[in-house]
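upload.pdb (PDB, C-alpha atoms) appears below.
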ATOM      1  CA  MET A   1      51.615 -65.838 -54.719
ATOM      2  CA  ARG A   2      54.572 -66.330 -52.370
ATOM      3  CA  ILE A   3      55.406 -62.598 -52.619
ATOM      4  CA  LEU A   4      51.837 -61.676 -51.708
ATOM      5  CA  ASP A   5      51.891 -63.954 -48.663
ATOM      6  CA  GLU A   6      55.179 -62.417 -47.570
ATOM      7  CA  ARG A   7      53.721 -58.912 -47.830
ATOM      8  CA  ASN A   8      50.647 -59.913 -45.805
ATOM      9  CA  ARG A   9      52.828 -61.438 -43.108
ATOM     10  CA  ARG A  10      54.957 -58.271 -42.882
ATOM     11  CA  LEU A  11      51.783 -56.183 -42.698
ATOM     12  CA  GLU A  12      50.456 -58.285 -39.816
ATOM     13  CA  ILE A  13      53.759 -57.949 -37.954
ATOM     14  CA  TRP A  14      53.737 -54.180 -38.434
ATOM     15  CA  ILE A  15      50.154 -53.894 -37.122
ATOM     16  CA  CYS A  16      51.008 -55.959 -34.031
ATOM     17  CA  CYS A  17      54.047 -53.777 -33.297
ATOM     18  CA  LEU A  18      51.924 -50.640 -33.629
ATOM     19  CA  ALA A  19      49.351 -52.083 -31.255
ATOM     20  CA  PHE A  20      52.033 -52.793 -28.640
ATOM     21  CA  LEU A  21      53.332 -49.216 -28.927
ATOM     22  CA  LEU A  22      49.864 -47.715 -28.535
ATOM     23  CA  ALA A  23      49.240 -49.901 -25.499
ATOM     24  CA  GLY A  24      52.312 -48.479 -23.758
ATOM     25  CA  CYS A  25      54.323 -51.648 -24.221
ATOM     26  CA  LYS A  26      51.658 -53.620 -22.328
ATOM     27  CA  ASN A  27      50.148 -56.812 -23.611
ATOM     28  CA  PRO A  28      46.816 -55.779 -25.171
ATOM     29  CA  PHE A  29      45.453 -59.260 -24.509
ATOM     30  CA  ALA A  30      46.333 -59.265 -20.791
ATOM     31  CA  THR A  31      43.492 -59.504 -18.280
ATOM     32  CA  ARG A  32      42.337 -56.027 -17.218
ATOM     33  CA  GLU A  33      42.765 -55.225 -13.547
ATOM     34  CA  PRO A  34      39.492 -54.412 -11.825
ATOM     35  CA  GLU A  35      38.863 -50.761 -11.042
ATOM     36  CA  PRO A  36      38.891 -49.858  -7.350
ATOM     37  CA  PRO A  37      35.418 -49.567  -5.853
ATOM     38  CA  SER A  38      33.854 -46.148  -5.535
ATOM     39  CA  ALA A  39      34.726 -44.406  -2.285
ATOM     40  CA  SER A  40      31.043 -43.951  -1.533
ATOM     41  CA  ARG A  41      27.954 -45.487  -3.032
ATOM     42  CA  ALA A  42      25.663 -43.767  -0.555
ATOM     43  CA  GLN A  43      22.527 -42.187  -1.913
ATOM     44  CA  TRP A  44      22.224 -38.424  -1.939
ATOM     45  CA  THR A  45      19.609 -36.041  -3.345
ATOM     46  CA  PRO A  46      20.495 -32.359  -3.790
ATOM     47  CA  PRO A  47      18.268 -30.801  -1.080
ATOM     48  CA  TYR A  48      16.451 -28.180  -3.103
ATOM     49  CA  GLN A  49      13.333 -28.887  -1.031
ATOM     50  CA  PRO A  50      13.134 -29.186   2.783
ATOM     51  CA  GLU A  51      11.709 -32.700   2.407
ATOM     52  CA  ASP A  52      14.890 -33.761   0.608
ATOM     53  CA  VAL A  53      16.876 -33.191   3.804
ATOM     54  CA  LEU A  54      14.807 -35.688   5.762
ATOM     55  CA  SER A  55      15.072 -38.174   2.922
ATOM     56  CA  ASN A  56      18.859 -37.759   2.899
ATOM     57  CA  LEU A  57      19.012 -38.151   6.672
ATOM     58  CA  ARG A  58      17.115 -41.419   6.446
ATOM     59  CA  THR A  59      19.286 -42.852   3.663
ATOM     60  CA  ALA A  60      22.461 -41.660   5.422
ATOM     61  CA  LEU A  61      21.503 -43.829   8.386
ATOM     62  CA  THR A  62      20.607 -46.784   6.171
ATOM     63  CA  ASP A  63      23.839 -46.419   4.167
ATOM     64  CA  ARG A  64      25.831 -45.642   7.339
ATOM     65  CA  SER A  65      27.349 -42.598   5.688
ATOM     66  CA  ILE A  66      28.905 -40.120   8.125
ATOM     67  CA  VAL A  67      29.524 -37.651   5.301
ATOM     68  CA  ASN A  68      25.903 -37.578   4.152
ATOM     69  CA  TYR A  69      24.585 -37.524   7.712
ATOM     70  CA  VAL A  70      26.562 -34.391   8.539
ATOM     71  CA  ARG A  71      25.680 -32.820   5.185
ATOM     72  CA  CYS A  72      22.078 -32.629   6.394
ATOM     73  CA  LEU A  73      23.047 -30.307   9.248
ATOM     74  CA  SER A  74      23.701 -26.592   9.142
ATOM     75  CA  ASP A  75      27.242 -25.283   8.908
ATOM     76  CA  SER A  76      27.349 -21.706  10.142
ATOM     77  CA  LEU A  77      29.901 -20.826   7.456
ATOM     78  CA  LEU A  78      27.298 -21.646   4.789
ATOM     79  CA  THR A  79      24.025 -20.602   6.371
ATOM     80  CA  GLY A  80      24.945 -18.318   9.264
ATOM     81  CA  LYS A  81      23.090 -20.702  11.596
ATOM     82  CA  ILE A  82      24.830 -22.890  14.189
ATOM     83  CA  PHE A  83      23.297 -26.361  14.454
ATOM     84  CA  ARG A  84      21.789 -27.264  17.802
ATOM     85  CA  PHE A  85      19.866 -30.201  19.184
ATOM     86  CA  GLU A  86      17.204 -29.816  21.865
ATOM     87  CA  PRO A  87      16.681 -33.146  23.643
ATOM     88  CA  GLU A  88      13.513 -34.665  24.992
ATOM     89  CA  PRO A  89      13.117 -33.186  28.522
ATOM     90  CA  ALA A  90      13.000 -36.502  30.391
ATOM     91  CA  ALA A  91      16.164 -37.689  28.614
ATOM     92  CA  ALA A  92      17.931 -34.429  29.429
ATOM     93  CA  SER A  93      17.094 -34.961  33.124
ATOM     94  CA  ALA A  94      18.189 -38.607  33.049
ATOM     95  CA  PHE A  95      21.552 -37.697  31.478
ATOM     96  CA  PRO A  96      22.517 -34.375  33.105
ATOM     97  CA  GLY A  97      25.168 -32.373  31.313
ATOM     98  CA  VAL A  98      25.241 -34.492  28.151
ATOM     99  CA  PHE A  99      23.233 -32.080  26.029
ATOM    100  CA  GLU A 100      24.506 -28.777  27.406
ATOM    101  CA  ARG A 101      26.717 -28.118  24.376
ATOM    102  CA  TRP A 102      25.310 -30.503  21.813
ATOM    103  CA  GLY A 103      26.168 -29.156  18.379
ATOM    104  CA  LEU A 104      27.509 -30.286  15.036
ATOM    105  CA  GLU A 105      30.576 -32.144  16.331
ATOM    106  CA  GLU A 106      28.565 -33.954  19.009
ATOM    107  CA  GLU A 107      26.063 -35.043  16.364
ATOM    108  CA  ARG A 108      28.883 -36.297  14.150
ATOM    109  CA  HIS A 109      30.356 -38.247  17.069
ATOM    110  CA  PHE A 110      26.981 -39.826  17.823
ATOM    111  CA  ALA A 111      26.555 -40.971  14.209
ATOM    112  CA  GLU A 112      30.062 -42.453  14.178
ATOM    113  CA  GLN A 113      29.383 -44.387  17.376
ATOM    114  CA  LEU A 114      26.027 -45.595  16.063
ATOM    115  CA  PHE A 115      27.444 -46.889  12.784
ATOM    116  CA  GLN A 116      30.299 -48.632  14.577
ATOM    117  CA  ALA A 117      28.066 -50.220  17.208
ATOM    118  CA  VAL A 118      25.465 -51.732  14.873
ATOM    119  CA  PRO A 119      26.895 -54.692  12.912
ATOM    120  CA  LYS A 120      26.700 -54.346   9.145
ATOM    121  CA  ASP A 121      24.433 -57.366   8.879
ATOM    122  CA  SER A 122      22.003 -55.967  11.480
ATOM    123  CA  VAL A 123      19.072 -53.659  10.947
ATOM    124  CA  LEU A 124      19.493 -49.895  11.052
ATOM    125  CA  ARG A 125      16.305 -48.314   9.831
ATOM    126  CA  LEU A 126      14.578 -44.955  10.152
ATOM    127  CA  GLN A 127      10.981 -44.190   9.220
ATOM    128  CA  TRP A 128       9.402 -40.750   8.976
ATOM    129  CA  SER A 129       5.715 -39.854   9.164
ATOM    130  CA  ARG A 130       5.270 -36.193   8.375
ATOM    131  CA  ILE A 131       2.486 -34.455  10.290
ATOM    132  CA  GLY A 132       3.003 -30.741   9.733
ATOM    133  CA  GLU A 133       4.839 -27.879   8.025
ATOM    134  CA  GLN A 134       5.184 -24.189   8.724
ATOM    135  CA  VAL A 135       6.955 -21.240   7.117
ATOM    136  CA  GLY A 136       8.949 -19.185   9.586
ATOM    137  CA  GLU A 137      10.680 -15.818   9.578
ATOM    138  CA  GLY A 138      13.144 -15.168   6.798
ATOM    139  CA  GLY A 139      11.809 -18.064   4.742
ATOM    140  CA  GLU A 140      12.831 -20.753   7.218
ATOM    141  CA  ARG A 141      10.784 -23.961   7.228
ATOM    142  CA  LEU A 142       9.539 -26.064  10.118
ATOM    143  CA  LEU A 143       8.878 -29.741   9.419
ATOM    144  CA  VAL A 144       7.205 -31.799  12.132
ATOM    145  CA  THR A 145       7.456 -35.570  11.842
ATOM    146  CA  GLU A 146       6.910 -38.686  13.859
ATOM    147  CA  TYR A 147       9.780 -41.134  13.671
ATOM    148  CA  LEU A 148      10.645 -44.746  14.338
ATOM    149  CA  LEU A 149      14.325 -45.668  14.587
ATOM    150  CA  GLU A 150      15.362 -49.326  14.829
ATOM    151  CA  ALA A 151      18.941 -50.379  15.547
ATOM    152  CA  GLY A 152      20.164 -53.963  15.863
ATOM    153  CA  PHE A 153      22.746 -53.569  18.606
ATOM    154  CA  PRO A 154      24.688 -56.638  19.789
ATOM    155  CA  GLN A 155      24.085 -58.042  23.249
ATOM    156  CA  GLY A 156      26.876 -55.947  24.768
ATOM    157  CA  PHE A 157      24.879 -52.773  24.241
ATOM    158  CA  SER A 158      22.227 -53.479  26.844
ATOM    159  CA  SER A 159      21.866 -49.777  27.745
ATOM    160  CA  ALA A 160      21.265 -48.681  24.153
ATOM    161  CA  PRO A 161      17.608 -48.842  23.091
ATOM    162  CA  ARG A 162      16.971 -50.907  19.981
ATOM    163  CA  ARG A 163      13.783 -49.019  19.176
ATOM    164  CA  CYS A 164      13.296 -45.264  19.511
ATOM    165  CA  GLN A 165      10.054 -43.491  18.792
ATOM    166  CA  GLY A 166       8.819 -39.942  19.124
ATOM    167  CA  ARG A 167       8.257 -36.626  17.362
ATOM    168  CA  ALA A 168      10.948 -34.494  15.771
ATOM    169  CA  GLU A 169      10.660 -30.816  14.916
ATOM    170  CA  PHE A 170      13.156 -29.632  12.333
ATOM    171  CA  TRP A 171      13.835 -25.995  11.590
ATOM    172  CA  LEU A 172      15.551 -25.716   8.215
ATOM    173  CA  VAL A 173      17.460 -22.851   6.639
ATOM    174  CA  ARG A 174      18.567 -22.414   3.029
ATOM    175  CA  ASP A 175      22.046 -21.611   1.807
ATOM    176  CA  PRO A 176      21.510 -18.692  -0.641
ATOM    177  CA  SER A 177      24.553 -19.631  -2.728
ATOM    178  CA  THR A 178      23.354 -23.165  -3.564
ATOM    179  CA  SER A 179      19.650 -23.107  -2.606
ATOM    180  CA  TYR A 180      20.304 -26.218  -0.486
ATOM    181  CA  TRP A 181      18.350 -26.686   2.742
ATOM    182  CA  TYR A 182      19.930 -27.698   6.066
ATOM    183  CA  ILE A 183      18.683 -28.546   9.558
ATOM    184  CA  TRP A 184      19.818 -25.921  12.037
ATOM    185  CA  ARG A 185      17.505 -26.718  14.959
ATOM    186  CA  TRP A 186      16.342 -30.210  15.895
ATOM    187  CA  THR A 187      13.880 -30.672  18.760
ATOM    188  CA  ASP A 188      13.054 -34.120  20.092
ATOM    189  CA  ARG A 189       9.846 -35.045  21.935
ATOM    190  CA  ALA A 190       8.478 -38.314  23.310
ATOM    191  CA  THR A 191       5.048 -39.478  22.153
ATOM    192  CA  VAL A 192       4.803 -43.056  23.464
ATOM    193  CA  ASP A 193       6.323 -45.229  26.177
ATOM    194  CA  ALA A 194       9.277 -46.156  23.914
ATOM    195  CA  PRO A 195      12.545 -44.229  24.442
ATOM    196  CA  ALA A 196      12.964 -41.082  22.384
ATOM    197  CA  TRP A 197      15.911 -40.549  20.034
ATOM    198  CA  SER A 198      17.540 -38.386  22.706
ATOM    199  CA  VAL A 199      18.123 -41.464  24.884
ATOM    200  CA  LEU A 200      20.111 -43.163  22.153
ATOM    201  CA  LYS A 201      22.148 -40.013  21.554
ATOM    202  CA  ALA A 202      22.905 -39.733  25.256
ATOM    203  CA  VAL A 203      24.036 -43.363  25.567
ATOM    204  CA  LEU A 204      26.326 -43.275  22.517
ATOM    205  CA  GLY A 205      27.392 -39.653  22.673
ATOM    206  CA  ARG A 206      28.749 -39.548  26.225
TER     207      ARG A 206
END
As a first step, turn the structure in this file into structure tokens.
Amino acid sequence: MRILDERNRRLEIWICCLAFLLAGCKNPFATREPEPPSASRAQWTPPYQPEDVLSNLRTALTDRSIVNYVRCLSDSLLTGKIFRFEPEPAAASAFPGVFERWGLEEERHFAEQLFQAVPKDSVLRLQWSRIGEQVGEGGERLLVTEYLLEAGFPQGFSSAPRRCQGRAEFWLVRDPSTSYWYIWRWTDRATVDAPAWSVLKAVLGR
């Protein structure tokens, strides 16, 4: 009986040694270090349909994701179309020169300023109300929507409107290599007395 106990004890010791070797000489019973958080938990839908682009643009604002915001816009290297923004006429007159060369980099800068200006615990919300669609030349798509953008700026941003409302016209083009859709032309128009989106872009993008 004593011999059997001795053999069992040696077997247990051998198993423990093997476990230590397989664990890379680390204590297998040590508390596991937490994995670093994901670099981005922002929502993203592969834009196989034009409507997906507007959905991604909305969630990019809600998630405050610069990467996903810019991914909604056309890169000429992918689509052959240079992104451009056409402001609401009254806003263009009120902020002369701001929109003369408004392209992809200006739009990126605006989004960065917006996400930095609105505190993380404040509202940043975009609502779409689609009112029309049209097929253009070469298979391009035109989506016409009414929008409501709410941004909870702190008191120091007195010149930045907290509520923008109007109509947006989006011309979208598809990348033939991925079948993804992108916005290449964005036209802004006022519909009510509230400031249009162009005003917010002018204030933060200057």
Top pick for closest residue to Gly136 (chain A), considering A:Tyr69, A:Phe85, A:Phe170, A:Tyr180 and counting only C-alpha atoms: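 Checking each of A:Tyr69, A:Phe85, A:Phe170, A:Tyr180 against Gly136 (chain A), counting only C-alpha atoms, the winner is A:Phe170.
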Grab the CA of Leu73 (chain A) to CA of Ile183 (chain A) distance for me, in Å with one decimal place. 4.7 Å
What is the CA of Cys72 (chain A) to CA of Arg141 (chain A) distance in Å?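 So the two atoms, CA of Cys72 (chain A) and CA of Arg141 (chain A), lie 14.3 Å apart.
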Please provide as a PDB file with C-alpha atoms, in the coordinates of the input all residues within 7 Å of Glu86 (chain A), with the sequence filter that same-chain residues fewer than 5 positions apart are discarded (counting all atoms listed in the file).
ATOM      1  CA  TRP A 186      16.342 -30.210  15.895  1.00  0.00           C
ATOM      2  CA  THR A 187      13.880 -30.672  18.760  1.00  0.00           C
ATOM      3  CA  ASP A 188      13.054 -34.120  20.092  1.00  0.00           C
TER       4      ASP A 188
END
Applying 12 Å and all atoms listed in the file, which residues near Gln155 (chain A) remain after dropping the ones on its own chain fewer than 4 positions away? List them as an MDAnalysis selection string. chainID A and resid 117:119 159:162
Atoms to include: C-alpha atoms. Write the selected residues as a JSON list (two decimals), in the coordinates of the input.
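File written: selection-v6.json
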[["chain", "number", "residue", "atom", "x", "y", "z"],
["A", 117, "ALA", "CA", 28.07, -50.22, 17.21],
["A", 118, "VAL", "CA", 25.46, -51.73, 14.87],
["A", 119, "PRO", "CA", 26.90, -54.69, 12.91],
["A", 159, "SER", "CA", 21.87, -49.78, 27.74],
["A", 160, "ALA", "CA", 21.26, -48.68, 24.15],
["A", 161, "PRO", "CA", 17.61, -48.84, 23.09],
["A", 162, "ARG", "CA", 16.97, -50.91, 19.98]]
So what does the PyMOL selection byres ((chain A and resi 184) around 8) actually pick up in this one, as a ChimeraX atom specification? /A:73-74,81-84,170-173,182-183,185-186
Within 12 Å of (15.3, -33.7, 26.1), in the coordinates the file gives, what residues turn up when you count all atoms listed in the file, written out as a ChimeraX atom specification? /A:85-100,102,166-168,186-190,195-202
May I have the selected residues written with C-alpha atoms, as an mmCIF file, in the frame of the given file?
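The result, stored in selection-v1.cif:
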data_model
loop_
_atom_site.group_PDB
_atom_site.id
_atom_site.type_symbol
_atom_site.label_atom_id
_atom_site.label_comp_id
_atom_site.auth_asym_id
_atom_site.auth_seq_id
_atom_site.Cartn_x
_atom_site.Cartn_y
_atom_site.Cartn_z
ATOM 1 C CA PHE A 85 19.866 -30.201 19.184
ATOM 2 C CA GLU A 86 17.204 -29.816 21.865
ATOM 3 C CA PRO A 87 16.681 -33.146 23.643
ATOM 4 C CA GLU A 88 13.513 -34.665 24.992
ATOM 5 C CA PRO A 89 13.117 -33.186 28.522
ATOM 6 C CA ALA A 90 13.000 -36.502 30.391
ATOM 7 C CA ALA A 91 16.164 -37.689 28.614
ATOM 8 C CA ALA A 92 17.931 -34.429 29.429
ATOM 9 C CA SER A 93 17.094 -34.961 33.124
ATOM 10 C CA ALA A 94 18.189 -38.607 33.049
ATOM 11 C CA PHE A 95 21.552 -37.697 31.478
ATOM 12 C CA PRO A 96 22.517 -34.375 33.105
ATOM 13 C CA GLY A 97 25.168 -32.373 31.313
ATOM 14 C CA VAL A 98 25.241 -34.492 28.151
ATOM 15 C CA PHE A 99 23.233 -32.080 26.029
ATOM 16 C CA GLU A 100 24.506 -28.777 27.406
ATOM 17 C CA TRP A 102 25.310 -30.503 21.813
ATOM 18 C CA GLY A 166 8.819 -39.942 19.124
ATOM 19 C CA ARG A 167 8.257 -36.626 17.362
ATOM 20 C CA ALA A 168 10.948 -34.494 15.771
ATOM 21 C CA TRP A 186 16.342 -30.210 15.895
ATOM 22 C CA THR A 187 13.880 -30.672 18.760
ATOM 23 C CA ASP A 188 13.054 -34.120 20.092
ATOM 24 C CA ARG A 189 9.846 -35.045 21.935
ATOM 25 C CA ALA A 190 8.478 -38.314 23.310
ATOM 26 C CA PRO A 195 12.545 -44.229 24.442
ATOM 27 C CA ALA A 196 12.964 -41.082 22.384
ATOM 28 C CA TRP A 197 15.911 -40.549 20.034
ATOM 29 C CA SER A 198 17.540 -38.386 22.706
ATOM 30 C CA VAL A 199 18.123 -41.464 24.884
ATOM 31 C CA LEU A 200 20.111 -43.163 22.153
ATOM 32 C CA LYS A 201 22.148 -40.013 21.554
ATOM 33 C CA ALA A 202 22.905 -39.733 25.256
#
Please, which residues in region 119-139 of chain A fall within 10 Å of region 147-153 of chain A when counting all atoms listed in the file, and what is the closest atom pair and distance in Å to one decimal for each, ordered by chain then residue number, as a Markdown table?
| residue | atom | partner | partner_atom | distance |
| --- | --- | --- | --- | --- |
| A:Pro119 | CA | A:Phe153 | CA | 7.1 |
| A:Lys120 | CA | A:Gly152 | CA | 9.4 |
| A:Asp121 | CA | A:Gly152 | CA | 8.9 |
| A:Ser122 | CA | A:Gly152 | CA | 5.2 |
| A:Val123 | CA | A:Gly152 | CA | 5.0 |
| A:Leu124 | CA | A:Ala151 | CA | 4.6 |
| A:Arg125 | CA | A:Glu150 | CA | 5.2 |
| A:Leu126 | CA | A:Leu149 | CA | 4.5 |
| A:Gln127 | CA | A:Leu148 | CA | 5.2 |
| A:Trp128 | CA | A:Tyr147 | CA | 4.7 |
| A:Ser129 | CA | A:Tyr147 | CA | 6.2 |
| A:Arg130 | CA | A:Tyr147 | CA | 8.5 |
Selection under test: the PyMOL selection byres ((chain A and resi 64) around 10); residues as a short mmCIF file (atom, residue, chain, number, x, y, z; two decimals) with C-alpha atoms, in the frame of the given file:
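Resulting contents of out_23.cif:
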data_model
loop_
_atom_site.label_atom_id
_atom_site.label_comp_id
_atom_site.auth_asym_id
_atom_site.auth_seq_id
_atom_site.Cartn_x
_atom_site.Cartn_y
_atom_site.Cartn_z
CA ALA A 42 25.66 -43.77 -0.56
CA ARG A 58 17.11 -41.42 6.45
CA THR A 59 19.29 -42.85 3.66
CA ALA A 60 22.46 -41.66 5.42
CA LEU A 61 21.50 -43.83 8.39
CA THR A 62 20.61 -46.78 6.17
CA ASP A 63 23.84 -46.42 4.17
CA SER A 65 27.35 -42.60 5.69
CA ILE A 66 28.90 -40.12 8.12
CA VAL A 67 29.52 -37.65 5.30
CA ASN A 68 25.90 -37.58 4.15
CA TYR A 69 24.58 -37.52 7.71
CA ALA A 111 26.56 -40.97 14.21
CA GLU A 112 30.06 -42.45 14.18
CA LEU A 114 26.03 -45.60 16.06
CA PHE A 115 27.44 -46.89 12.78
CA GLN A 116 30.30 -48.63 14.58
CA VAL A 118 25.46 -51.73 14.87
CA LYS A 120 26.70 -54.35 9.14
CA LEU A 124 19.49 -49.90 11.05
#
Straight-line distance linking CA of Glu137 (chain A) with CA of Gln165 (chain A), stated in Å to one decimal: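 We find that CA of Glu137 (chain A) and CA of Gln165 (chain A) lie 29.2 Å from each other.
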So, with only C-alpha atoms as the atoms that count, which of A:Phe110, A:Arg163, A:Leu104, A:Glu169 lies closest to Val203 (chain A)? A:Phe110
Restricting the calculation to all atoms listed in the file, which member of A:Glu51, A:Glu146, A:Glu106, A:Glu140 is positioned closest to Leu204 (chain A)?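 With all atoms listed in the file as the atom set, the closest residue is A:Glu106.
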Using 4 Å of padding on each side, determine the axis-aligned box around all atoms of region 57-69 of chain A present in the file and give its centre and edge lengths in Å to one decimal, as AutoDock Vina command-line options.
--center_x 23.3 --center_y -42.2 --center_z 6.0 --size_x 20.4 --size_y 17.3 --size_z 12.7
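Across A:Gly80, A:Trp181, A:Arg108, A:Asp193, the tightest approach to Asn56 (chain A) is made by A:Trp181 when counting all atoms listed in the file.
Using all atoms listed in the file, the nearest neighbour of Leu143 (chain A) within the list A:Cys164, A:Gly103, A:Phe157, A:Ile131 is A:Ile131.
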Could you write region 128-136 of chain A as a PDB file, in the frame of the given file, with all heavy atoms rebuilt where they are missing?
ATOM      1  N   TRP A 128      10.006 -42.047   8.695  1.00  0.00           N
ATOM      2  CA  TRP A 128       9.402 -40.750   8.976  1.00  0.00           C
ATOM      3  C   TRP A 128       7.896 -40.816   8.697  1.00  0.00           C
ATOM      4  O   TRP A 128       7.461 -41.512   7.785  1.00  0.00           O
ATOM      5  CB  TRP A 128       9.966 -39.646   8.091  1.00  0.00           C
ATOM      6  CG  TRP A 128      11.416 -39.323   8.204  1.00  0.00           C
ATOM      7  CD1 TRP A 128      12.348 -39.384   7.214  1.00  0.00           C
ATOM      8  CD2 TRP A 128      12.123 -38.835   9.350  1.00  0.00           C
ATOM      9  NE1 TRP A 128      13.572 -38.985   7.657  1.00  0.00           N
ATOM     10  CE2 TRP A 128      13.470 -38.641   8.977  1.00  0.00           C
ATOM     11  CE3 TRP A 128      11.749 -38.555  10.666  1.00  0.00           C
ATOM     12  CZ2 TRP A 128      14.432 -38.170   9.857  1.00  0.00           C
ATOM     13  CZ3 TRP A 128      12.713 -38.095  11.545  1.00  0.00           C
ATOM     14  CH2 TRP A 128      14.031 -37.901  11.142  1.00  0.00           C
ATOM     15  N   SER A 129       7.132 -40.051   9.439  1.00  0.00           N
ATOM     16  CA  SER A 129       5.715 -39.854   9.164  1.00  0.00           C
ATOM     17  C   SER A 129       5.424 -38.378   9.377  1.00  0.00           C
ATOM     18  O   SER A 129       5.249 -37.913  10.509  1.00  0.00           O
ATOM     19  CB  SER A 129       4.852 -40.716  10.099  1.00  0.00           C
ATOM     20  OG  SER A 129       3.481 -40.477   9.853  1.00  0.00           O
ATOM     21  N   ARG A 130       5.400 -37.641   8.286  1.00  0.00           N
ATOM     22  CA  ARG A 130       5.270 -36.193   8.375  1.00  0.00           C
ATOM     23  C   ARG A 130       3.867 -35.791   8.817  1.00  0.00           C
ATOM     24  O   ARG A 130       2.871 -36.296   8.296  1.00  0.00           O
ATOM     25  CB  ARG A 130       5.586 -35.591   7.008  1.00  0.00           C
ATOM     26  CG  ARG A 130       5.534 -34.079   6.963  1.00  0.00           C
ATOM     27  CD  ARG A 130       6.039 -33.596   5.624  1.00  0.00           C
ATOM     28  NE  ARG A 130       5.533 -32.290   5.283  1.00  0.00           N
ATOM     29  CZ  ARG A 130       5.695 -31.723   4.112  1.00  0.00           C
ATOM     30  NH1 ARG A 130       6.343 -32.362   3.167  1.00  0.00           N
ATOM     31  NH2 ARG A 130       5.214 -30.522   3.865  1.00  0.00           N
ATOM     32  N   ILE A 131       3.787 -34.857   9.776  1.00  0.00           N
ATOM     33  CA  ILE A 131       2.486 -34.455  10.290  1.00  0.00           C
ATOM     34  C   ILE A 131       2.243 -32.952  10.212  1.00  0.00           C
ATOM     35  O   ILE A 131       1.146 -32.489  10.519  1.00  0.00           O
ATOM     36  CB  ILE A 131       2.309 -34.910  11.753  1.00  0.00           C
ATOM     37  CG1 ILE A 131       3.395 -34.315  12.643  1.00  0.00           C
ATOM     38  CG2 ILE A 131       2.291 -36.427  11.853  1.00  0.00           C
ATOM     39  CD1 ILE A 131       3.234 -34.666  14.119  1.00  0.00           C
ATOM     40  N   GLY A 132       3.238 -32.173   9.803  1.00  0.00           N
ATOM     41  CA  GLY A 132       3.003 -30.741   9.733  1.00  0.00           C
ATOM     42  C   GLY A 132       4.144 -29.971   9.109  1.00  0.00           C
ATOM     43  O   GLY A 132       5.275 -30.456   9.063  1.00  0.00           O
ATOM     44  N   GLU A 133       3.837 -28.756   8.620  1.00  0.00           N
ATOM     45  CA  GLU A 133       4.839 -27.879   8.025  1.00  0.00           C
ATOM     46  C   GLU A 133       4.441 -26.440   8.281  1.00  0.00           C
ATOM     47  O   GLU A 133       3.246 -26.100   8.330  1.00  0.00           O
ATOM     48  CB  GLU A 133       4.961 -28.137   6.522  1.00  0.00           C
ATOM     49  CG  GLU A 133       6.004 -27.265   5.831  1.00  0.00           C
ATOM     50  CD  GLU A 133       6.136 -27.594   4.346  1.00  0.00           C
ATOM     51  OE1 GLU A 133       5.451 -28.509   3.879  1.00  0.00           O
ATOM     52  OE2 GLU A 133       6.935 -26.912   3.676  1.00  0.00           O
ATOM     53  N   GLN A 134       5.437 -25.593   8.445  1.00  0.00           N
ATOM     54  CA  GLN A 134       5.184 -24.189   8.724  1.00  0.00           C
ATOM     55  C   GLN A 134       6.300 -23.337   8.145  1.00  0.00           C
ATOM     56  O   GLN A 134       7.467 -23.746   8.155  1.00  0.00           O
ATOM     57  CB  GLN A 134       5.077 -23.971  10.237  1.00  0.00           C
ATOM     58  CG  GLN A 134       4.832 -22.541  10.661  1.00  0.00           C
ATOM     59  CD  GLN A 134       4.749 -22.425  12.174  1.00  0.00           C
ATOM     60  OE1 GLN A 134       4.331 -23.357  12.858  1.00  0.00           O
ATOM     61  NE2 GLN A 134       5.160 -21.274  12.696  1.00  0.00           N
ATOM     62  N   VAL A 135       5.964 -22.180   7.630  1.00  0.00           N
ATOM     63  CA  VAL A 135       6.955 -21.240   7.117  1.00  0.00           C
ATOM     64  C   VAL A 135       7.265 -20.232   8.218  1.00  0.00           C
ATOM     65  O   VAL A 135       6.347 -19.615   8.780  1.00  0.00           O
ATOM     66  CB  VAL A 135       6.451 -20.514   5.856  1.00  0.00           C
ATOM     67  CG1 VAL A 135       7.498 -19.508   5.372  1.00  0.00           C
ATOM     68  CG2 VAL A 135       6.121 -21.508   4.759  1.00  0.00           C
ATOM     69  N   GLY A 136       8.545 -20.085   8.519  1.00  0.00           N
ATOM     70  CA  GLY A 136       8.949 -19.185   9.586  1.00  0.00           C
ATOM     71  C   GLY A 136       9.506 -17.874   9.061  1.00  0.00           C
ATOM     72  O   GLY A 136       9.408 -17.565   7.865  1.00  0.00           O
TER      73      GLY A 136
END
